[in-house]
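Engineer: This is query.csv, which holds CSV, C-alpha atoms:
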```
chain,number,residue,atom,x,y,z
A,1,MET,CA,0.0,0.0,0.0
A,2,THR,CA,1.1,3.5,-0.7
A,3,LEU,CA,-0.1,6.4,1.4
A,4,SER,CA,-0.2,9.8,-0.2
A,5,ILE,CA,-0.8,12.6,2.3
A,6,SER,CA,-1.8,16.1,1.3
A,7,LEU,CA,-2.0,18.6,4.1
A,8,LEU,CA,-4.2,21.7,3.8
A,9,ASP,CA,-1.8,23.8,5.9
A,10,ASP,CA,0.4,23.5,9.0
A,11,HIS,CA,-2.5,23.6,11.5
A,12,GLU,CA,-3.7,20.6,13.4
A,13,ARG,CA,-6.9,19.2,11.7
A,14,PRO,CA,-8.9,16.0,11.3
A,15,PHE,CA,-7.6,13.8,8.5
A,16,ILE,CA,-9.7,11.9,5.9
A,17,LEU,CA,-8.1,9.0,4.0
A,18,VAL,CA,-9.7,8.4,0.6
A,19,PHE,CA,-10.1,4.9,-0.9
A,20,PRO,CA,-10.8,5.1,-4.7
A,21,GLY,CA,-13.0,2.4,-6.2
A,22,GLY,CA,-12.4,0.1,-9.2
A,23,GLY,CA,-13.6,-3.3,-8.2
A,24,TYR,CA,-10.2,-4.3,-6.9
A,25,HIS,CA,-9.2,-4.3,-10.6
A,26,HIS,CA,-8.0,-0.8,-10.9
A,27,LEU,CA,-8.1,2.5,-9.0
A,28,ALA,CA,-10.5,5.2,-10.3
A,29,GLU,CA,-8.6,8.4,-10.6
A,30,LYS,CA,-11.7,10.6,-10.2
A,31,GLU,CA,-12.3,9.1,-6.8
A,32,GLY,CA,-8.8,10.0,-5.6
A,33,GLN,CA,-7.1,13.4,-5.8
A,34,PRO,CA,-10.3,15.3,-6.8
A,35,VAL,CA,-11.8,14.1,-3.6
A,36,VAL,CA,-8.8,15.3,-1.6
A,37,LYS,CA,-9.2,18.8,-3.2
A,38,TRP,CA,-12.9,18.8,-2.1
A,39,LEU,CA,-11.9,17.8,1.5
A,40,HIS,CA,-9.3,20.6,1.5
A,41,SER,CA,-12.0,23.0,0.5
A,42,ILE,CA,-14.1,22.1,3.6
A,43,GLY,CA,-11.2,22.3,6.0
A,44,TYR,CA,-9.7,18.8,6.3
A,45,HIS,CA,-6.3,17.3,5.8
A,46,ALA,CA,-6.6,14.4,3.4
A,47,GLY,CA,-4.8,11.7,1.5
A,48,VAL,CA,-5.3,8.8,-0.9
A,49,LEU,CA,-4.5,5.2,-0.1
A,50,TYR,CA,-3.2,3.4,-3.2
A,51,TYR,CA,-3.9,-0.2,-2.3
A,52,PRO,CA,-3.2,-3.5,-4.0
A,53,ILE,CA,-5.4,-4.6,-6.9
A,54,GLY,CA,-5.6,-7.6,-9.1
A,55,THR,CA,-4.4,-10.7,-7.3
A,56,ILE,CA,-4.8,-9.9,-3.6
A,57,ASP,CA,-3.7,-11.6,-0.4
A,58,HIS,CA,-6.6,-10.7,1.8
A,59,LEU,CA,-4.8,-11.5,5.0
A,60,SER,CA,-1.9,-9.2,4.0
A,61,MET,CA,-4.3,-6.6,2.9
A,62,VAL,CA,-5.9,-6.3,6.3
A,63,LYS,CA,-2.5,-6.4,8.1
A,64,GLU,CA,-1.2,-3.6,5.8
A,65,LEU,CA,-4.4,-1.6,6.3
A,66,ASP,CA,-4.0,-1.8,10.1
A,67,GLU,CA,-0.4,-0.6,9.7
A,68,VAL,CA,-1.5,2.5,7.7
A,69,PHE,CA,-3.7,3.6,10.6
A,70,ILE,CA,-0.9,2.9,13.1
A,71,GLN,CA,1.4,5.1,11.1
A,72,LEU,CA,-1.2,7.9,10.8
A,73,ARG,CA,-1.5,8.0,14.6
A,74,LYS,CA,2.2,7.5,15.2
A,75,HIS,CA,3.1,10.5,13.1
A,76,ALA,CA,0.0,12.5,13.9
A,77,LYS,CA,1.9,15.4,15.6
A,78,LYS,CA,4.4,15.6,12.8
A,79,TRP,CA,1.7,15.6,10.1
A,80,HIS,CA,-0.5,18.0,12.0
A,81,ILE,CA,-3.3,15.4,12.3
A,82,THR,CA,-5.7,15.3,15.2
A,83,GLU,CA,-4.9,11.7,16.4
A,84,ASN,CA,-8.5,10.7,17.3
A,85,LYS,CA,-10.1,12.3,14.3
A,86,ILE,CA,-9.1,10.1,11.4
A,87,GLY,CA,-11.8,9.2,8.9
A,88,ALA,CA,-12.0,6.8,5.9
A,89,LEU,CA,-13.9,7.8,2.8
A,90,GLY,CA,-14.3,5.0,0.2
A,91,PHE,CA,-16.0,4.6,-3.1
A,92,SER,CA,-17.4,1.2,-4.4
A,93,ALA,CA,-14.7,-1.4,-3.7
A,94,GLY,CA,-12.8,1.3,-1.9
A,95,GLY,CA,-15.9,1.6,0.3
A,96,HIS,CA,-15.4,-2.1,1.1
A,97,LEU,CA,-11.8,-1.5,2.1
A,98,ALA,CA,-12.8,1.6,4.1
A,99,GLY,CA,-15.5,-0.5,5.8
A,100,LEU,CA,-12.8,-3.0,6.8
A,101,ALA,CA,-10.9,0.0,8.3
A,102,GLY,CA,-13.8,0.6,10.6
A,103,THR,CA,-14.5,-3.1,11.5
A,104,LYS,CA,-11.7,-5.6,10.7
A,105,ILE,CA,-8.5,-3.9,11.9
A,106,THR,CA,-7.3,-3.1,15.4
A,107,ASN,CA,-6.5,0.5,14.9
A,108,ARG,CA,-9.8,1.5,13.4
A,109,ALA,CA,-10.9,4.7,11.7
A,110,ASN,CA,-12.9,7.2,13.8
A,111,ALA,CA,-15.5,7.8,11.1
A,112,LEU,CA,-16.6,6.1,7.9
A,113,LEU,CA,-17.9,7.7,4.7
A,114,LEU,CA,-19.0,5.1,2.2
A,115,CYS,CA,-20.1,6.0,-1.3
A,116,TYR,CA,-22.1,3.4,-3.3
A,117,PRO,CA,-20.0,0.8,-1.3
A,118,VAL,CA,-19.4,-2.8,-1.9
A,119,ILE,CA,-20.6,-4.2,1.5
A,120,THR,CA,-21.5,-7.8,1.1
A,121,PHE,CA,-19.7,-10.7,-0.6
A,122,THR,CA,-22.8,-12.9,-0.1
A,123,GLU,CA,-25.3,-13.9,-2.7
A,124,PRO,CA,-27.3,-12.5,-4.4
A,125,PHE,CA,-26.1,-8.9,-3.9
A,126,ARG,CA,-22.3,-9.3,-4.1
A,127,HIS,CA,-20.3,-7.5,-6.7
A,128,ALA,CA,-18.7,-10.5,-8.4
A,129,GLY,CA,-15.5,-8.8,-9.6
A,130,SER,CA,-14.7,-7.3,-6.2
A,131,ARG,CA,-15.3,-10.5,-4.4
A,132,GLU,CA,-13.2,-12.7,-6.7
A,133,HIS,CA,-10.3,-10.2,-6.8
A,134,PHE,CA,-10.3,-9.7,-3.1
A,135,LEU,CA,-10.7,-13.4,-2.0
A,136,GLY,CA,-8.9,-14.8,-5.0
A,137,ASN,CA,-11.3,-17.7,-5.3
A,138,PRO,CA,-14.4,-17.9,-7.6
A,139,LYS,CA,-16.1,-20.3,-5.2
A,140,PRO,CA,-15.1,-19.2,-1.7
A,141,SER,CA,-16.4,-20.9,1.5
A,142,LYS,CA,-19.3,-19.4,3.3
A,143,HIS,CA,-17.0,-18.6,6.3
A,144,LEU,CA,-14.6,-16.8,4.1
A,145,VAL,CA,-17.3,-14.8,2.4
A,146,GLU,CA,-18.9,-13.7,5.7
A,147,SER,CA,-15.5,-12.9,7.2
A,148,TYR,CA,-15.1,-10.0,4.7
A,149,SER,CA,-18.7,-9.0,4.3
A,150,ILE,CA,-19.0,-5.7,6.3
A,151,GLU,CA,-22.6,-6.3,7.5
A,152,HIS,CA,-21.2,-9.3,9.4
A,153,LEU,CA,-18.4,-7.4,11.0
A,154,ILE,CA,-20.3,-4.5,12.6
A,155,ASP,CA,-19.9,-4.4,16.4
A,156,GLU,CA,-20.1,-1.9,19.2
A,157,HIS,CA,-16.7,-0.4,18.3
A,158,THR,CA,-17.7,0.4,14.7
A,159,PRO,CA,-17.4,4.2,14.2
A,160,PRO,CA,-20.2,6.6,13.1
A,161,THR,CA,-20.9,6.0,9.5
A,162,PHE,CA,-22.2,8.1,6.5
A,163,ILE,CA,-23.5,6.3,3.4
A,164,TRP,CA,-24.9,7.2,0.1
A,165,HIS,CA,-26.1,5.2,-2.9
A,166,THR,CA,-28.4,5.4,-5.9
A,167,ALA,CA,-31.4,3.2,-6.0
A,168,ASP,CA,-30.9,2.0,-9.6
A,169,ASP,CA,-27.2,1.3,-9.3
A,170,GLN,CA,-26.6,-1.5,-11.9
A,171,SER,CA,-23.2,-2.5,-10.7
A,172,VAL,CA,-23.4,-2.6,-6.9
A,173,PRO,CA,-27.0,-3.2,-5.8
A,174,ILE,CA,-28.6,-0.8,-3.4
A,175,GLN,CA,-29.1,-3.8,-1.1
A,176,ASN,CA,-25.5,-3.5,-0.1
A,177,THR,CA,-26.2,-0.2,1.6
A,178,ILE,CA,-29.5,-1.5,3.1
A,179,LEU,CA,-27.7,-4.5,4.6
A,180,LEU,CA,-25.2,-2.2,6.2
A,181,ALA,CA,-27.8,0.2,7.5
A,182,ASN,CA,-29.7,-2.6,9.1
A,183,SER,CA,-26.6,-4.0,10.8
A,184,LEU,CA,-25.6,-0.5,12.1
A,185,ALA,CA,-29.1,-0.1,13.5
A,186,ARG,CA,-29.0,-3.4,15.2
A,187,HIS,CA,-25.7,-2.5,16.9
A,188,ASN,CA,-26.9,1.1,17.8
A,189,ILE,CA,-24.1,2.7,15.8
A,190,PRO,CA,-24.9,6.3,14.8
A,191,PHE,CA,-25.3,6.5,11.0
A,192,GLU,CA,-26.8,8.6,8.2
A,193,TYR,CA,-27.6,7.3,4.8
A,194,HIS,CA,-29.0,8.8,1.6
A,195,VAL,CA,-30.5,6.9,-1.3
A,196,PHE,CA,-30.9,9.0,-4.4
A,197,PRO,CA,-33.6,7.7,-6.9
A,198,SER,CA,-31.3,7.5,-9.9
A,199,GLY,CA,-27.7,7.6,-11.0
A,200,LYS,CA,-25.2,5.4,-12.6
A,201,HIS,CA,-22.5,3.7,-10.6
A,202,GLY,CA,-19.2,5.5,-10.0
A,203,LEU,CA,-20.4,9.1,-9.9
A,204,GLY,CA,-17.6,10.2,-7.6
A,205,LEU,CA,-18.2,13.8,-6.6
A,206,ALA,CA,-21.2,13.8,-9.0
A,207,LYS,CA,-20.4,17.3,-10.2
A,208,GLU,CA,-22.4,16.7,-13.4
A,209,PHE,CA,-25.4,15.4,-11.6
A,210,PRO,CA,-26.7,18.2,-9.3
A,211,TYR,CA,-29.4,16.2,-7.6
A,212,VAL,CA,-26.9,13.6,-6.4
A,213,GLU,CA,-24.1,16.1,-5.9
A,214,ARG,CA,-26.0,17.2,-2.7
A,215,TRP,CA,-24.2,14.3,-1.0
A,216,LEU,CA,-21.2,16.7,-0.7
A,217,SER,CA,-23.1,19.2,1.5
A,218,PHE,CA,-24.8,16.4,3.5
A,219,ALA,CA,-21.4,14.8,4.2
A,220,GLU,CA,-19.8,18.2,5.1
A,221,ILE,CA,-22.5,18.8,7.7
A,222,TRP,CA,-22.1,15.3,9.0
A,223,LEU,CA,-18.3,15.6,9.3
A,224,LYS,CA,-18.6,18.9,11.2
A,225,ASN,CA,-20.9,17.2,13.7
A,226,ILE,CA,-18.7,14.2,14.1
A,227,PHE,CA,-15.3,15.9,14.2
A,228,ASP,CA,-15.9,19.6,15.0
A,229,GLN,CA,-18.4,18.8,17.7
A,230,GLN,CA,-20.7,21.6,16.5
A,231,LYS,CA,-23.8,19.4,17.2
A,232,LEU,CA,-25.5,20.6,14.1
A,233,PHE,CA,-28.2,18.0,14.4
A,234,LYS,CA,-29.7,19.4,17.7
```
What does the file become when written as structure tokens?

Structural biologist:
Amino acid sequence: MTLSISLLDDHERPFILVFPGGGYHHLAEKEGQPVVKWLHSIGYHAGVLYYPIGTIDHLSMVKELDEVFIQLRKHAKKWHITENKIGALGFSAGGHLAGLAGTKITNRANALLLCYPVITFTEPFRHAGSREHFLGNPKPSKHLVESYSIEHLIDEHTPPTFIWHTADDQSVPIQNTILLANSLARHNIPFEYHVFPSGKHGLGLAKEFPYVERWLSFAEIWLKNIFDQQKLFK
């Protein structure tokens, strides 16, 4: 994994790590540095995680992901990062990996923002390409599938979560987000999710789709409540 950090300035601020999507086949450029620029515009340090794609060793992937968050906290003072305010923002398959950063690793993210995320590896709502690349097996066991399906990993230590999806997503079914929301609710984890009626998969910042682009303002308000303690919801 390669961690690219882009600091807004030399002031201590919360940090958001961006996970581009791409089905664990490639990394979508529009879900990387353009997202960092947006995060800078609303007052956060940010960076992109360039993670392995193609043939993946899932055990090593989780270990390396944990190490990334260890390093972010270890060097927080030097990098002007508020140590207990580190979020993970992921798109599609990157949303799956970001979800693991809030559930599967020891040094978890403090907040999750998941955009049209791959959540489940279970039938019938799995994204076939993401599952096969990540698990490296076209016919994985039920135990292995559930071990990396985020809805099965939610517990009382899962951080607050923001999710958005489009109802007619033809690549990653909306049921992924619904499964996650149901699991978060069962475990009393604070969450917010938005389902927009229409929009193709992989919209990123959705700048060309004004109705869906509203997710940016929703997420900005949510982040301020989570990290800036402005209690905007009360």

Engineer: If we count only C-alpha atoms and set the cut-off at 12 Å, which residues sit around Lys77 (chain A), ignoring sequence neighbours fewer than 2 positions away in its own chain? Please answer as a ChimeraX atom specification.

Structural biologist: /A:10-15,71-75,79-84

Engineer: Leaving out region 106-123 of chain A and any residue of its chain fewer than 5 positions from it, which residues lie within 8 Å of it when counting only C-alpha atoms, given as a ChimeraX atom specification?

Structural biologist: /A:66,69-70,84-96,98-99,101,128,130-131,145-146,148-151,159-166,172,174,176-177,179-180,201-202,204,219,226

Engineer: Which is closest to Ile5 (chain A) among A:His45, A:Ala181, A:Glu192, A:Gly32, if we use all atoms listed in the file?

Structural biologist: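 Result for the nearest residue to Ile5 (chain A): A:His45.
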
Engineer: Between CA of Phe196 (chain A) and CA of Glu220 (chain A), what distance in Å does the model show, to one decimal?

Structural biologist: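 Rounded to one decimal, the two atoms are 17.3 Å apart.
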
Engineer: From the options A:Ser60, A:Val48, A:Ser141, A:Leu7, which residue's atoms come nearest to Lys30 (chain A), counting only C-alpha atoms?

Structural biologist: A:Val48
